[in-house]
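The structure file my_file_39.cif is reproduced below (mmCIF, C-alpha atoms).
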data_model
loop_
_atom_site.label_atom_id
_atom_site.label_comp_id
_atom_site.auth_asym_id
_atom_site.auth_seq_id
_atom_site.Cartn_x
_atom_site.Cartn_y
_atom_site.Cartn_z
CA MET A 1 -61.78 66.43 162.23
CA LEU A 2 -60.70 64.78 158.97
CA GLU A 3 -63.68 62.42 159.24
CA CYS A 4 -66.05 65.41 159.46
CA ILE A 5 -64.48 67.06 156.42
CA ASN A 6 -64.78 63.86 154.37
CA LYS A 7 -68.39 63.43 155.44
CA ALA A 8 -69.15 67.04 154.48
CA LYS A 9 -67.66 66.45 151.03
CA THR A 10 -70.10 63.58 150.43
CA MET A 11 -73.15 65.65 151.41
CA ALA A 12 -75.24 67.33 148.76
CA THR A 13 -74.24 70.95 148.32
CA VAL A 14 -76.20 72.16 145.29
CA ASP A 15 -76.41 75.95 145.30
CA GLY A 16 -78.61 76.47 142.27
CA ALA A 17 -80.75 74.60 139.82
CA VAL A 18 -79.72 73.22 136.44
CA LEU A 19 -82.11 74.81 133.95
CA ILE A 20 -82.71 73.09 130.62
CA THR A 21 -84.72 74.93 128.02
CA GLY A 22 -85.25 75.10 124.29
CA GLU A 23 -88.01 75.55 121.81
CA SER A 24 -90.91 73.15 121.58
CA GLY A 25 -89.65 69.84 120.14
CA SER A 26 -85.95 70.61 120.71
CA GLY A 27 -85.35 67.58 122.95
CA LYS A 28 -85.18 69.25 126.37
CA THR A 29 -87.42 66.68 128.11
CA THR A 30 -85.58 63.74 126.55
CA ILE A 31 -82.19 65.17 127.52
CA ALA A 32 -83.30 66.11 131.07
CA LYS A 33 -84.65 62.61 131.72
CA ALA A 34 -81.54 60.99 130.23
CA LEU A 35 -79.35 63.23 132.39
CA LYS A 36 -81.22 62.15 135.52
CA GLU A 37 -80.93 58.47 134.53
CA THR A 38 -77.20 58.86 133.87
CA LEU A 39 -76.50 60.44 137.27
CA THR A 40 -77.29 57.17 139.04
CA ASN A 41 -74.78 57.76 141.84
CA LYS A 42 -76.26 61.18 142.64
CA GLU A 43 -79.48 62.38 144.22
CA VAL A 44 -81.37 64.20 141.45
CA PHE A 45 -84.67 66.04 141.68
CA LEU A 46 -86.28 66.64 138.26
CA ILE A 47 -88.94 69.30 137.81
CA GLU A 48 -90.82 69.17 134.51
CA MET A 49 -92.64 72.46 133.98
CA GLU A 50 -95.36 70.84 131.89
CA LYS A 51 -96.60 69.23 135.10
CA TYR A 52 -97.36 72.71 136.43
CA PHE A 53 -99.90 73.73 133.77
CA ILE A 54 -102.95 75.60 134.95
CA PRO A 55 -106.03 73.67 133.75
CA TYR A 56 -107.48 75.17 130.57
CA ASN A 57 -110.77 76.09 132.23
CA LYS A 58 -108.92 78.13 134.89
CA ARG A 59 -106.79 80.19 132.50
CA GLU A 60 -107.42 83.67 131.25
CA SER A 61 -109.39 83.49 128.00
CA VAL A 62 -106.63 85.14 125.96
CA ILE A 63 -104.24 82.22 126.58
CA ARG A 64 -106.78 79.51 127.40
CA TYR A 65 -105.37 76.94 124.97
CA SER A 66 -101.76 78.05 124.88
CA ASP A 67 -99.29 75.89 126.78
CA ASN A 68 -96.19 78.03 126.26
CA SER A 69 -97.16 81.27 127.96
CA PRO A 70 -96.03 82.26 131.46
CA LEU A 71 -99.73 82.73 132.24
CA SER A 72 -100.41 79.03 131.56
CA PHE A 73 -98.21 77.78 134.42
CA TYR A 74 -98.32 77.86 138.20
CA ILE A 75 -94.96 79.68 138.22
CA ASP A 76 -95.17 80.34 141.96
CA LYS A 77 -95.48 76.60 142.60
CA VAL A 78 -92.49 75.85 140.33
CA VAL A 79 -90.42 78.44 142.23
CA GLU A 80 -91.58 77.05 145.58
CA ASP A 81 -90.64 73.49 144.59
CA ILE A 82 -87.21 74.59 143.34
CA LYS A 83 -86.53 76.51 146.56
CA ASN A 84 -87.69 73.59 148.72
CA ALA A 85 -85.49 71.14 146.81
CA LEU A 86 -82.47 73.44 147.04
CA ASP A 87 -83.06 74.26 150.69
CA SER A 88 -83.46 70.61 151.63
CA ARG A 89 -79.77 69.99 150.88
CA VAL A 90 -80.78 66.42 150.00
CA PHE A 91 -80.10 66.66 146.27
CA ASP A 92 -76.86 66.80 144.37
CA TYR A 93 -78.72 68.29 141.41
CA VAL A 94 -82.06 70.00 140.95
CA ILE A 95 -82.91 69.91 137.24
CA VAL A 96 -85.70 72.12 135.93
CA GLU A 97 -86.84 71.44 132.38
CA GLY A 98 -89.27 73.52 130.33
CA THR A 99 -89.69 76.14 127.65
CA LEU A 100 -89.79 79.06 130.06
CA THR A 101 -87.02 78.24 132.53
CA LEU A 102 -84.71 80.95 131.20
CA TYR A 103 -87.54 83.40 130.56
CA CYS A 104 -89.13 83.56 134.02
CA GLU A 105 -86.91 85.69 136.21
CA GLU A 106 -88.17 84.02 139.39
CA ILE A 107 -86.87 80.66 138.10
CA TYR A 108 -83.77 82.03 136.40
CA LYS A 109 -82.55 83.64 139.64
CA LEU A 110 -82.48 80.22 141.34
CA SER A 111 -80.16 78.68 138.77
CA GLU A 112 -76.50 77.83 138.75
CA TYR A 113 -76.37 76.31 135.27
CA ARG A 114 -78.41 77.46 132.28
CA ILE A 115 -78.60 75.17 129.26
CA PHE A 116 -80.31 75.91 125.95
CA ILE A 117 -81.09 73.01 123.60
CA GLU A 118 -80.81 74.16 119.99
CA CYS A 119 -82.51 72.29 117.19
CA SER A 120 -83.45 73.15 113.61
CA GLU A 121 -87.01 74.26 112.92
CA ASP A 122 -87.57 71.32 110.56
CA GLU A 123 -86.50 68.77 113.19
CA ARG A 124 -88.61 70.44 115.89
CA LEU A 125 -91.65 70.46 113.61
CA THR A 126 -91.12 66.78 112.72
CA ARG A 127 -90.95 65.89 116.42
CA ARG A 128 -94.09 67.93 117.16
CA ILE A 129 -95.99 66.17 114.40
CA GLN A 130 -94.91 62.80 115.76
CA GLN A 131 -95.94 63.74 119.32
CA ASN A 132 -99.27 65.11 118.13
CA MET A 133 -99.98 62.02 116.04
CA GLU A 134 -99.31 59.87 119.11
CA ALA A 135 -101.89 62.03 120.90
CA SER A 136 -104.37 61.28 118.05
CA MET A 137 -104.60 64.88 116.86
CA ASP A 138 -105.89 65.50 113.35
CA PHE A 139 -103.98 67.60 110.81
CA ASP A 140 -105.98 70.80 111.42
CA ASP A 141 -105.44 70.61 115.17
CA MET A 142 -101.71 69.93 114.71
CA THR A 143 -101.38 72.89 112.37
CA ASN A 144 -103.28 75.21 114.70
CA VAL A 145 -101.30 74.13 117.75
CA TYR A 146 -97.99 74.66 116.00
CA LEU A 147 -98.71 77.86 114.06
CA ASP A 148 -100.94 79.60 116.59
CA MET A 149 -99.25 78.53 119.79
CA ALA A 150 -95.91 76.73 119.70
CA ARG A 151 -94.21 78.85 117.04
CA THR A 152 -95.67 82.10 118.33
CA ARG A 153 -94.69 81.42 121.95
CA ASN A 154 -91.23 80.21 120.91
CA ASN A 155 -90.64 83.54 119.19
CA GLN A 156 -92.25 85.50 122.01
CA TYR A 157 -90.56 83.87 125.01
CA VAL A 158 -88.02 81.15 124.30
CA GLU A 159 -85.90 82.80 121.58
CA MET A 160 -85.48 85.97 123.60
CA SER A 161 -84.29 83.98 126.64
CA LYS A 162 -81.32 82.48 124.76
CA ASP A 163 -79.06 85.27 126.01
CA ASN A 164 -79.48 83.91 129.54
CA ALA A 165 -77.98 80.52 128.61
CA THR A 166 -74.42 79.64 129.55
CA LEU A 167 -74.24 76.38 127.55
CA PHE A 168 -75.73 75.53 124.19
CA ILE A 169 -76.40 71.90 123.27
CA ASP A 170 -77.20 70.54 119.81
CA GLY A 171 -80.57 68.83 120.23
CA GLU A 172 -80.10 66.87 117.01
CA LYS A 173 -77.06 64.89 118.08
CA GLU A 174 -77.09 61.60 119.99
CA VAL A 175 -78.70 62.09 123.41
CA SER A 176 -75.82 60.39 125.23
CA LEU A 177 -73.36 62.89 123.72
CA SER A 178 -75.52 65.78 124.91
CA VAL A 179 -75.76 64.28 128.38
CA ASN A 180 -71.98 63.82 128.57
CA GLU A 181 -71.46 67.43 127.53
CA ILE A 182 -73.83 68.58 130.28
CA ILE A 183 -72.16 66.37 132.90
CA ASN A 184 -68.79 67.87 131.99
CA TYR A 185 -70.31 71.32 132.35
CA ILE A 186 -71.94 70.81 135.74
#

Give the structure from the file, written as structure tokens.
Amino acid sequence: MLECINKAKTMATVDGAVLITGESGSGKTTIAKALKETLTNKEVFLIEMEKYFIPYNKRESVIRYSDNSPLSFYIDKVVEDIKNALDSRVFDYVIVEGTLTLYCEEIYKLSEYRIFIECSEDERLTRRIQQNMEASMDFDDMTNVYLDMARTRNNQYVEMSKDNATLFIDGEKEVSLSVNEIINYI
């Protein structure tokens, strides 16, 4: 009997996902990937919402080029993948990273831990510029993407979902410190 109990203790028993969100450029992807890499002795399934974008030519025209709207994602597929990972009982942690994880009720309801990465607007903008330069965007495109989409969608969706968070992390501090804080939390 004791052997069975000990074996059960070593099995994965995740009940809900670890959601990591924050505004565009806050560091959520960096922190989520670092968290997964740090949990080397655990089975971790990482879902990055940006991999669930609906192709631009299949989106409604009103949000065709906006990547931070609930209408720009295959939300049903994200939810399905979270449920499958949780139901599999294979993973110690299911981490879901993206701007809308605390906004979309279907995703939020599947969570056990809800983390919001906070970062100053200046730092987020600097990071966005760097990312966009690496993607060879010109100044006009960078400005349009930030002003017309990222900032607007942050205000529209991400900011209002902060109340759903149960842990706030400073996205400007050393990544390893943020990861340690999250590990202590979960």

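When all atoms listed in the file are used to measure the gap to Phe53 (chain A), the shortest distance among A:Ile186, A:Met160, A:Val90, A:Ile75 belongs to A:Ile75.
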
Find, counting all atoms listed in the file, the residue in A:Val18, A:Leu110, A:Ala32, A:Leu71 that gets nearest to Tyr93 (chain A).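 Under the stated criterion, the closest residue is A:Val18.
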
With all atoms listed in the file as the basis for distance, which of A:Ile183, A:Leu35, A:Ile169, A:Ile115 is at the shortest distance from Thr99 (chain A)?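 Comparing A:Ile183, A:Leu35, A:Ile169, A:Ile115 against Thr99 (chain A), the winner is A:Ile115.
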
Answer key for the PyMOL selection byres ((chain A and resi 21) around 7), residues as a PyMOL selection string: chain A and resi 19-20+22+28+97-102+115-117

Give one line per residue of region 14-132 of chain A that approaches region 170-175 of chain A to at most 12 Å, naming the two atoms of the closest pair and their distance in Å to one decimal, counting only C-alpha atoms; sort by chain then ascending residue number and deliver it as a tab-separated table.
residue	atom	partner	partner_atom	distance
A:Ile20	CA	A:Gly171	CA	11.4
A:Thr21	CA	A:Gly171	CA	10.7
A:Gly22	CA	A:Gly171	CA	8.8
A:Glu23	CA	A:Gly171	CA	10.1
A:Ser24	CA	A:Gly171	CA	11.3
A:Gly25	CA	A:Gly171	CA	9.1
A:Ser26	CA	A:Gly171	CA	5.7
A:Gly27	CA	A:Gly171	CA	5.6
A:Lys28	CA	A:Gly171	CA	7.7
A:Thr29	CA	A:Gly171	CA	10.7
A:Thr30	CA	A:Val175	CA	7.7
A:Ile31	CA	A:Val175	CA	6.2
A:Ala32	CA	A:Val175	CA	9.8
A:Lys33	CA	A:Val175	CA	10.2
A:Ala34	CA	A:Val175	CA	7.5
A:Leu35	CA	A:Val175	CA	9.1
A:Glu37	CA	A:Val175	CA	11.9
A:Thr38	CA	A:Val175	CA	11.0
A:Ile115	CA	A:Asp170	CA	10.6
A:Phe116	CA	A:Asp170	CA	8.7
A:Ile117	CA	A:Gly171	CA	5.4
A:Glu118	CA	A:Asp170	CA	5.1
A:Cys119	CA	A:Gly171	CA	5.0
A:Ser120	CA	A:Glu172	CA	7.9
A:Glu121	CA	A:Glu172	CA	10.9
A:Asp122	CA	A:Glu172	CA	10.8
A:Glu123	CA	A:Glu172	CA	7.7
A:Arg124	CA	A:Gly171	CA	9.3
A:Thr126	CA	A:Glu172	CA	11.8
A:Arg127	CA	A:Glu172	CA	10.9

On this structure, the PyMOL selection byres ((chain A and resi 41) around 12) would catch which residues? List them as a PDB file with C-alpha atoms, keeping the file's coordinate frame, sorted by chain and number.
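The resulting file, part_30.pdb, is shown below:
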ATOM      1  CA  THR A  10     -70.100  63.580 150.430  1.00  0.00           C
ATOM      2  CA  ALA A  12     -75.240  67.330 148.760  1.00  0.00           C
ATOM      3  CA  LEU A  35     -79.350  63.230 132.390  1.00  0.00           C
ATOM      4  CA  LYS A  36     -81.220  62.150 135.520  1.00  0.00           C
ATOM      5  CA  GLU A  37     -80.930  58.470 134.530  1.00  0.00           C
ATOM      6  CA  THR A  38     -77.200  58.860 133.870  1.00  0.00           C
ATOM      7  CA  LEU A  39     -76.500  60.440 137.270  1.00  0.00           C
ATOM      8  CA  THR A  40     -77.290  57.170 139.040  1.00  0.00           C
ATOM      9  CA  LYS A  42     -76.260  61.180 142.640  1.00  0.00           C
ATOM     10  CA  GLU A  43     -79.480  62.380 144.220  1.00  0.00           C
ATOM     11  CA  VAL A  44     -81.370  64.200 141.450  1.00  0.00           C
ATOM     12  CA  PHE A  91     -80.100  66.660 146.270  1.00  0.00           C
ATOM     13  CA  ASP A  92     -76.860  66.800 144.370  1.00  0.00           C
ATOM     14  CA  TYR A  93     -78.720  68.290 141.410  1.00  0.00           C
TER      15      TYR A  93
END

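The two atoms in question, CA of Gln156 (chain A) and CA of Ile95 (chain A), are spaced 23.7 Å apart.
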
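CA of Asp140 (chain A) is positioned 25.1 Å from CA of Pro70 (chain A).
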
Using CA of Asn84 (chain A) and CA of Ile107 (chain A) as the two end points, give the distance in Å to one decimal.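 Between these atoms lies a distance of 12.8 Å.
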
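Of the residues under consideration (A:Asn180, A:Asn57, A:Ser69, A:Gln130), A:Ser69 shows the shortest atom-to-atom contact distance to Asn154 (chain A) when counting only C-alpha atoms.
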
Answer as an MDAnalysis selection string, residues within 12 Å of (-84.8, 76.9, 146.4) using all atoms listed in the file: chainID A and resid 14:18 45 76:91 93:96 106:112

Just to be explicit: take each residue in the selection above, keep C-alpha atoms, and write the result as a CSV table (one decimal), in the coordinates of the input.
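Output file out_30.csv follows:
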chain,number,residue,atom,x,y,z
A,14,VAL,CA,-76.2,72.2,145.3
A,15,ASP,CA,-76.4,76.0,145.3
A,16,GLY,CA,-78.6,76.5,142.3
A,17,ALA,CA,-80.8,74.6,139.8
A,18,VAL,CA,-79.7,73.2,136.4
A,45,PHE,CA,-84.7,66.0,141.7
A,76,ASP,CA,-95.2,80.3,142.0
A,77,LYS,CA,-95.5,76.6,142.6
A,78,VAL,CA,-92.5,75.8,140.3
A,79,VAL,CA,-90.4,78.4,142.2
A,80,GLU,CA,-91.6,77.0,145.6
A,81,ASP,CA,-90.6,73.5,144.6
A,82,ILE,CA,-87.2,74.6,143.3
A,83,LYS,CA,-86.5,76.5,146.6
A,84,ASN,CA,-87.7,73.6,148.7
A,85,ALA,CA,-85.5,71.1,146.8
A,86,LEU,CA,-82.5,73.4,147.0
A,87,ASP,CA,-83.1,74.3,150.7
A,88,SER,CA,-83.5,70.6,151.6
A,89,ARG,CA,-79.8,70.0,150.9
A,90,VAL,CA,-80.8,66.4,150.0
A,91,PHE,CA,-80.1,66.7,146.3
A,93,TYR,CA,-78.7,68.3,141.4
A,94,VAL,CA,-82.1,70.0,141.0
A,95,ILE,CA,-82.9,69.9,137.2
A,96,VAL,CA,-85.7,72.1,135.9
A,106,GLU,CA,-88.2,84.0,139.4
A,107,ILE,CA,-86.9,80.7,138.1
A,108,TYR,CA,-83.8,82.0,136.4
A,109,LYS,CA,-82.6,83.6,139.6
A,110,LEU,CA,-82.5,80.2,141.3
A,111,SER,CA,-80.2,78.7,138.8
A,112,GLU,CA,-76.5,77.8,138.8
